[in-house]
file start.pdb (PDB, C-alpha atoms and all ligand atoms)
ATOM      1  CA  MET P   1     177.586 128.226  42.894
ATOM      2  CA  LYS P   2     175.060 130.298  40.939
ATOM      3  CA  ARG P   3     174.874 134.001  41.717
ATOM      4  CA  ILE P   4     171.365 135.456  41.894
ATOM      5  CA  ALA P   5     170.379 139.132  41.893
ATOM      6  CA  ILE P   6     166.935 140.139  43.129
ATOM      7  CA  LEU P   7     165.354 143.316  41.738
ATOM      8  CA  ALA P   8     162.541 144.754  43.860
ATOM      9  CA  SER P   9     160.809 148.108  44.197
ATOM     10  CA  GLY P  10     158.917 147.775  47.464
ATOM     11  CA  SER P  11     158.411 145.821  50.641
ATOM     12  CA  GLY P  12     160.302 142.751  49.500
ATOM     13  CA  SER P  13     158.440 140.025  51.372
ATOM     14  CA  ASN P  14     159.176 137.681  48.454
ATOM     15  CA  ALA P  15     162.821 138.746  48.418
ATOM     16  CA  GLU P  16     163.000 137.885  52.110
ATOM     17  CA  LYS P  17     161.626 134.372  51.532
ATOM     18  CA  ILE P  18     164.137 133.857  48.720
ATOM     19  CA  MET P  19     167.058 135.066  50.868
ATOM     20  CA  GLU P  20     165.899 132.772  53.668
ATOM     21  CA  HIS P  21     165.641 129.823  51.297
ATOM     22  CA  PHE P  22     169.151 130.201  49.849
ATOM     23  CA  GLN P  23     170.835 131.271  53.089
ATOM     24  CA  ASN P  24     172.709 127.989  53.509
ATOM     25  CA  SER P  25     172.426 126.687  49.972
ATOM     26  CA  THR P  26     175.329 125.061  48.192
ATOM     27  CA  LYS P  27     173.622 125.622  44.824
ATOM     28  CA  ALA P  28     173.107 129.365  44.786
ATOM     29  CA  GLN P  29     173.718 132.533  46.649
ATOM     30  CA  ILE P  30     171.765 135.782  46.668
ATOM     31  CA  ALA P  31     174.635 138.007  45.626
ATOM     32  CA  LEU P  32     172.749 141.296  45.266
ATOM     33  CA  VAL P  33     169.464 143.022  46.036
ATOM     34  CA  ALA P  34     168.933 145.981  43.727
ATOM     35  CA  SER P  35     166.164 148.565  43.855
ATOM     36  CA  ASN P  36     165.055 151.648  41.980
ATOM     37  CA  LYS P  37     163.725 153.054  45.280
ATOM     38  CA  ALA P  38     166.316 154.259  47.760
ATOM     39  CA  ASP P  39     163.810 153.927  50.638
ATOM     40  CA  ALA P  40     162.360 150.531  49.689
ATOM     41  CA  PHE P  41     161.949 148.245  52.698
ATOM     42  CA  VAL P  42     163.525 145.403  50.709
ATOM     43  CA  LEU P  43     166.913 147.083  51.276
ATOM     44  CA  GLN P  44     166.548 146.734  55.052
ATOM     45  CA  ARG P  45     165.561 143.110  54.641
ATOM     46  CA  ALA P  46     168.706 142.547  52.564
ATOM     47  CA  GLU P  47     170.904 144.115  55.244
ATOM     48  CA  LYS P  48     169.430 141.708  57.775
ATOM     49  CA  PHE P  49     170.694 138.839  55.600
ATOM     50  CA  LYS P  50     173.993 140.633  54.939
ATOM     51  CA  VAL P  51     173.232 140.679  51.224
ATOM     52  CA  PRO P  52     174.863 143.606  49.365
ATOM     53  CA  THR P  53     172.451 146.219  48.019
ATOM     54  CA  PHE P  54     172.485 148.558  45.062
ATOM     55  CA  THR P  55     170.132 151.420  44.188
ATOM     56  CA  PHE P  56     169.692 153.134  40.864
ATOM     57  CA  THR P  57     167.330 155.529  39.102
ATOM     58  CA  LYS P  58     165.232 154.664  36.056
ATOM     59  CA  LYS P  59     167.466 156.951  34.010
ATOM     60  CA  GLU P  60     170.570 155.095  35.192
ATOM     61  CA  MET P  61     168.990 151.725  34.471
ATOM     62  CA  ASP P  62     168.049 152.859  30.967
ATOM     63  CA  ALA P  63     171.648 154.055  30.461
ATOM     64  CA  GLY P  64     173.032 150.603  31.317
ATOM     65  CA  VAL P  65     174.225 151.230  34.879
ATOM     66  CA  LEU P  66     172.309 148.278  36.325
ATOM     67  CA  LEU P  67     173.502 145.903  33.594
ATOM     68  CA  GLU P  68     177.073 146.953  34.242
ATOM     69  CA  LYS P  69     176.647 146.256  37.972
ATOM     70  CA  LEU P  70     175.104 142.820  37.337
ATOM     71  CA  GLN P  71     177.972 141.925  35.010
ATOM     72  CA  LYS P  72     180.562 143.182  37.479
ATOM     73  CA  GLU P  73     178.966 141.016  40.181
ATOM     74  CA  GLN P  74     179.011 138.019  37.799
ATOM     75  CA  ILE P  75     175.299 137.449  38.217
ATOM     76  CA  ASN P  76     173.887 134.288  36.559
ATOM     77  CA  TRP P  77     170.184 134.705  37.343
ATOM     78  CA  VAL P  78     168.011 137.808  37.748
ATOM     79  CA  VAL P  79     164.856 137.446  39.846
ATOM     80  CA  LEU P  80     162.172 140.143  39.682
ATOM     81  CA  ALA P  81     160.269 140.151  42.954
ATOM     82  CA  GLY P  82     157.871 143.078  42.857
ATOM     83  CA  PHE P  83     160.010 145.110  40.475
ATOM     84  CA  LEU P  84     157.799 147.716  38.877
ATOM     85  CA  LEU P  85     159.867 149.302  36.103
ATOM     86  CA  LYS P  86     159.987 148.076  32.535
ATOM     87  CA  ILE P  87     163.314 146.332  31.997
ATOM     88  CA  PRO P  88     165.403 147.712  29.105
ATOM     89  CA  GLU P  89     165.720 145.257  26.212
ATOM     90  CA  GLU P  90     169.489 145.314  26.440
ATOM     91  CA  LEU P  91     169.260 144.003  30.000
ATOM     92  CA  ILE P  92     166.779 141.267  29.046
ATOM     93  CA  ARG P  93     169.022 140.208  26.172
ATOM     94  CA  ALA P  94     171.992 139.921  28.543
ATOM     95  CA  PHE P  95     170.184 137.182  30.542
ATOM     96  CA  PRO P  96     168.460 134.999  27.941
ATOM     97  CA  ASP P  97     166.181 132.521  29.755
ATOM     98  CA  HIS P  98     167.876 133.582  32.986
ATOM     99  CA  MET P  99     165.486 136.288  34.134
ATOM    100  CA  VAL P 100     162.357 135.287  36.026
ATOM    101  CA  ASN P 101     159.362 137.322  37.217
ATOM    102  CA  ILE P 102     156.493 136.657  39.570
ATOM    103  CA  HIS P 103     153.084 138.043  38.670
ATOM    104  CA  PRO P 104     150.247 138.125  41.229
ATOM    105  CA  ALA P 105     147.553 136.646  38.973
ATOM    106  CA  LEU P 106     146.886 133.773  36.609
ATOM    107  CA  LEU P 107     148.398 135.089  33.374
ATOM    108  CA  PRO P 108     147.365 135.742  30.648
ATOM    109  CA  LYS P 109     144.568 137.225  32.749
ATOM    110  CA  TYR P 110     145.292 140.499  34.543
ATOM    111  CA  GLY P 111     148.691 141.094  32.957
ATOM    112  CA  GLY P 112     150.203 143.902  30.951
ATOM    113  CA  LYS P 113     150.771 147.588  31.488
ATOM    114  CA  GLY P 114     149.488 149.035  34.766
ATOM    115  CA  MET P 115     148.712 145.583  36.172
ATOM    116  CA  TYR P 116     150.815 145.360  39.285
ATOM    117  CA  GLY P 117     150.289 144.944  43.006
ATOM    118  CA  HIS P 118     146.911 146.103  44.298
ATOM    119  CA  HIS P 119     145.682 147.098  40.804
ATOM    120  CA  VAL P 120     145.636 143.411  39.937
ATOM    121  CA  HIS P 121     143.695 142.401  43.051
ATOM    122  CA  GLU P 122     141.177 145.223  42.554
ATOM    123  CA  ALA P 123     140.578 144.100  38.965
ATOM    124  CA  VAL P 124     140.164 140.477  40.073
ATOM    125  CA  LYS P 125     137.631 141.595  42.710
ATOM    126  CA  ALA P 126     135.743 143.838  40.253
ATOM    127  CA  ALA P 127     135.430 140.933  37.792
ATOM    128  CA  GLY P 128     133.958 138.667  40.488
ATOM    129  CA  GLU P 129     136.545 135.954  39.824
ATOM    130  CA  LYS P 130     136.079 132.702  41.750
ATOM    131  CA  GLU P 131     139.807 132.078  41.833
ATOM    132  CA  THR P 132     143.098 133.851  41.386
ATOM    133  CA  GLY P 133     146.729 132.830  41.747
ATOM    134  CA  ILE P 134     150.334 133.397  40.821
ATOM    135  CA  THR P 135     152.394 133.036  37.676
ATOM    136  CA  ILE P 136     156.155 132.589  37.578
ATOM    137  CA  HIS P 137     157.527 133.184  34.094
ATOM    138  CA  LEU P 138     160.663 133.934  32.159
ATOM    139  CA  VAL P 139     161.008 137.542  31.080
ATOM    140  CA  ASN P 140     161.109 138.439  27.419
ATOM    141  CA  GLU P 141     160.736 141.782  25.639
ATOM    142  CA  ASN P 142     156.958 141.734  26.167
ATOM    143  CA  TYR P 143     156.847 141.917  29.915
ATOM    144  CA  ASP P 144     154.126 139.514  31.121
ATOM    145  CA  GLU P 145     154.323 137.268  28.051
ATOM    146  CA  GLY P 146     157.441 135.149  28.615
ATOM    147  CA  LYS P 147     157.336 131.364  28.975
ATOM    148  CA  ILE P 148     155.254 130.298  31.973
ATOM    149  CA  ILE P 149     157.215 128.095  34.367
ATOM    150  CA  PHE P 150     154.693 127.653  37.165
ATOM    151  CA  GLN P 151     151.176 128.619  38.202
ATOM    152  CA  ALA P 152     149.224 127.981  41.389
ATOM    153  CA  SER P 153     145.701 129.070  42.191
ATOM    154  CA  THR P 154     143.616 129.806  45.254
ATOM    155  CA  PRO P 155     139.810 129.954  45.566
ATOM    156  CA  LEU P 156     138.142 133.295  46.300
ATOM    157  CA  SER P 157     134.907 133.922  48.104
ATOM    158  CA  PRO P 158     132.543 136.778  47.220
ATOM    159  CA  GLU P 159     133.328 138.378  50.592
ATOM    160  CA  ASP P 160     137.078 138.636  49.911
ATOM    161  CA  SER P 161     138.267 142.262  49.716
ATOM    162  CA  PRO P 162     141.207 143.207  47.464
ATOM    163  CA  GLU P 163     143.358 143.103  50.636
ATOM    164  CA  ASP P 164     142.159 139.562  51.405
ATOM    165  CA  ILE P 165     142.984 138.585  47.824
ATOM    166  CA  ALA P 166     146.448 140.135  48.169
ATOM    167  CA  GLN P 167     147.029 138.105  51.323
ATOM    168  CA  LYS P 168     146.038 134.845  49.663
ATOM    169  CA  VAL P 169     148.276 135.605  46.693
ATOM    170  CA  HIS P 170     151.225 136.529  48.897
ATOM    171  CA  ALA P 171     150.854 133.259  50.794
ATOM    172  CA  LEU P 172     151.071 131.344  47.492
ATOM    173  CA  GLU P 173     154.051 133.400  46.354
ATOM    174  CA  HIS P 174     155.966 132.828  49.580
ATOM    175  CA  ARG P 175     155.253 129.101  49.479
ATOM    176  CA  HIS P 176     156.332 128.524  45.879
ATOM    177  CA  PHE P 177     158.660 131.198  44.514
ATOM    178  CA  PRO P 178     161.915 130.130  46.256
ATOM    179  CA  GLU P 179     161.480 126.488  45.253
ATOM    180  CA  VAL P 180     160.591 127.314  41.675
ATOM    181  CA  ILE P 181     163.727 129.456  41.432
ATOM    182  CA  GLU P 182     165.801 126.576  42.798
ATOM    183  CA  SER P 183     164.267 124.196  40.261
ATOM    184  CA  LEU P 184     165.364 126.526  37.439
ATOM    185  CA  LEU P 185     169.024 126.773  38.413
TER     186      LEU P 185
HETATM  187  C1  LIG F   1     154.049 140.633  44.671
HETATM  188  O1  LIG F   1     152.725 140.252  44.934
HETATM  189  C2  LIG F   1     154.371 140.469  43.197
HETATM  190  O2  LIG F   1     153.686 139.403  42.606
HETATM  191  C3  LIG F   1     153.897 141.774  42.638
HETATM  192  O3  LIG F   1     154.309 142.731  43.578
HETATM  193  C4  LIG F   1     154.226 142.150  44.882
HETATM  194  C5  LIG F   1     155.484 142.487  45.648
HETATM  195  O4  LIG F   1     155.359 142.097  46.991
HETATM  196  N1  LIG F   1     154.477 142.003  41.346
HETATM  197  C6  LIG F   1     153.828 142.613  40.353
HETATM  198  O5  LIG F   1     152.705 143.078  40.486
HETATM  199  C7  LIG F   1     154.604 142.710  39.039
HETATM  200  N2  LIG F   1     153.710 142.990  37.939
HETATM  201  P1  LIG F   1     156.636 142.025  47.944
HETATM  202  O6  LIG F   1     157.411 143.331  47.750
HETATM  203  O7  LIG F   1     156.080 141.932  49.329
HETATM  204  O8  LIG F   1     157.435 140.833  47.542
END
call {"tool": "encode", "arguments": {"input": "start.pdb", "output": "structure tokens", "more": "lines below"}}
Ligand code: GAR
result
Amino acid sequence: MKRIAILASGSGSNAEKIMEHFQNSTKAQIALVASNKADAFVLQRAEKFKVPTFTFTKKEMDAGVLLEKLQKEQINWVVLAGFLLKIPEELIRAFPDHMVNIHPALLPKYGGKGMYGHHVHEAVKAAGEKETGITIHLVNENYDEGKIIFQASTPLSPEDSPEDIAQKVHALEHRHFPEVIESLL
């Protein structure tokens, strides 16, 4: 049984889909939901699924507190689901090819520093893109540049607002992320 930790900073709708997916799995268990925000809604979602939670500050993460917790919990896979802090290199190195991130655009487009959540959808709108999508990739030291595991796209119409784009992207994420994680295990 693989032990997965989800790191999330916000609402956690992806985390919820992942917890749902692995609820009765014999392959893997969501062993921890960890957040750098003590009031993140993802923590309430985790409680609903009786998944243990852990909160930490950026300073603590940078000092190795999160890594220590993941090791103590014997975590095999780390899933970033809307986690907005840069991961310390030491932490990335502790999970070689076992840390996966979801990005709400078709990388290499709309990646890099500052490109998260609604900023991405606003940039996609401003560029008049005819499509957008999701990218699921392994995490290496250069954030959005790890090996791409999966991409899916969705058409956009000129009338789509950044909120409409976000909705389309979330739908794709919810449909694919849990299964892609399972395929990696
Ligand atoms: C998701 O759309 C995810 O792709 C994005 O944050 C959202 C979190 O939504 N991640 C990034 O922008 C990372 N660069 P959720 O909290 O409802 O799962």
call {"tool": "residues_around", "arguments": {"input": "start.pdb", "residues": "range 36-47 of chain P", "least_positions_apart": "3", "cutoff": "6 Å", "atoms": "all atoms listed in the file", "output": "JSON, numbers by chain"}}
result
{"P": [9, 10, 11, 12, 50, 51, 55, 56, 57]}
call {"tool": "residues_near_ligand", "arguments": {"input": "start.pdb", "ligand": "ligand LIG 1 (chain F)", "cutoff": "9 Å", "atoms": "only C-alpha atoms and all ligand atoms", "output": "PDB file with C-alpha atoms, in the coordinates of the input"}}
result
ATOM      1  CA  ALA P   8     162.541 144.754  43.860  1.00  0.00           C
ATOM      2  CA  SER P   9     160.809 148.108  44.197  1.00  0.00           C
ATOM      3  CA  GLY P  10     158.917 147.775  47.464  1.00  0.00           C
ATOM      4  CA  SER P  11     158.411 145.821  50.641  1.00  0.00           C
ATOM      5  CA  GLY P  12     160.302 142.751  49.500  1.00  0.00           C
ATOM      6  CA  SER P  13     158.440 140.025  51.372  1.00  0.00           C
ATOM      7  CA  ASN P  14     159.176 137.681  48.454  1.00  0.00           C
ATOM      8  CA  ALA P  15     162.821 138.746  48.418  1.00  0.00           C
ATOM      9  CA  GLU P  16     163.000 137.885  52.110  1.00  0.00           C
ATOM     10  CA  LYS P  17     161.626 134.372  51.532  1.00  0.00           C
ATOM     11  CA  ALA P  40     162.360 150.531  49.689  1.00  0.00           C
ATOM     12  CA  PHE P  41     161.949 148.245  52.698  1.00  0.00           C
ATOM     13  CA  VAL P  42     163.525 145.403  50.709  1.00  0.00           C
ATOM     14  CA  LEU P  80     162.172 140.143  39.682  1.00  0.00           C
ATOM     15  CA  ALA P  81     160.269 140.151  42.954  1.00  0.00           C
ATOM     16  CA  GLY P  82     157.871 143.078  42.857  1.00  0.00           C
ATOM     17  CA  PHE P  83     160.010 145.110  40.475  1.00  0.00           C
ATOM     18  CA  LEU P  84     157.799 147.716  38.877  1.00  0.00           C
ATOM     19  CA  LEU P  85     159.867 149.302  36.103  1.00  0.00           C
ATOM     20  CA  ASN P 101     159.362 137.322  37.217  1.00  0.00           C
ATOM     21  CA  ILE P 102     156.493 136.657  39.570  1.00  0.00           C
ATOM     22  CA  HIS P 103     153.084 138.043  38.670  1.00  0.00           C
ATOM     23  CA  PRO P 104     150.247 138.125  41.229  1.00  0.00           C
ATOM     24  CA  ALA P 105     147.553 136.646  38.973  1.00  0.00           C
ATOM     25  CA  GLY P 111     148.691 141.094  32.957  1.00  0.00           C
ATOM     26  CA  GLY P 112     150.203 143.902  30.951  1.00  0.00           C
ATOM     27  CA  LYS P 113     150.771 147.588  31.488  1.00  0.00           C
ATOM     28  CA  GLY P 114     149.488 149.035  34.766  1.00  0.00           C
ATOM     29  CA  MET P 115     148.712 145.583  36.172  1.00  0.00           C
ATOM     30  CA  TYR P 116     150.815 145.360  39.285  1.00  0.00           C
ATOM     31  CA  GLY P 117     150.289 144.944  43.006  1.00  0.00           C
ATOM     32  CA  HIS P 118     146.911 146.103  44.298  1.00  0.00           C
ATOM     33  CA  HIS P 119     145.682 147.098  40.804  1.00  0.00           C
ATOM     34  CA  VAL P 120     145.636 143.411  39.937  1.00  0.00           C
ATOM     35  CA  ILE P 134     150.334 133.397  40.821  1.00  0.00           C
ATOM     36  CA  THR P 135     152.394 133.036  37.676  1.00  0.00           C
ATOM     37  CA  ILE P 136     156.155 132.589  37.578  1.00  0.00           C
ATOM     38  CA  TYR P 143     156.847 141.917  29.915  1.00  0.00           C
ATOM     39  CA  ASP P 144     154.126 139.514  31.121  1.00  0.00           C
ATOM     40  CA  ALA P 166     146.448 140.135  48.169  1.00  0.00           C
ATOM     41  CA  GLN P 167     147.029 138.105  51.323  1.00  0.00           C
ATOM     42  CA  VAL P 169     148.276 135.605  46.693  1.00  0.00           C
ATOM     43  CA  HIS P 170     151.225 136.529  48.897  1.00  0.00           C
ATOM     44  CA  GLU P 173     154.051 133.400  46.354  1.00  0.00           C
ATOM     45  CA  HIS P 174     155.966 132.828  49.580  1.00  0.00           C
TER      46      HIS P 174
END
call {"tool": "residues_around", "arguments": {"input": "start.pdb", "residues": "Asn140 in chain P", "least_positions_apart": "2", "cutoff": "12 Å", "atoms": "all atoms listed in the file", "output": "VMD selection string"}}
result
chain P and resid 86 to 101 137 to 138 142 to 148
call {"tool": "resolve_selection", "arguments": {"input": "start.pdb", "expression": "the PyMOL selection byres (((chain P and resi 78) around 6) and not hetatm)", "output": "list of chain:residue names"}}
result
P:Ile4, P:Ala5, P:Ile6, P:Trp77, P:Val79, P:Met99
call {"tool": "atom_distance", "arguments": {"input": "start.pdb", "atom1": "CA of Glu122 in chain P", "atom2": "CA of Ser35 in chain P"}}
result
25.2 Å
call {"tool": "closest_residue", "arguments": {"input": "start.pdb", "among": "P:Gln29, P:Thr154, P:Gln71, P:Gln23", "to": "Lys48 in chain P", "atoms": "all atoms listed in the file"}}
result
P:Gln23
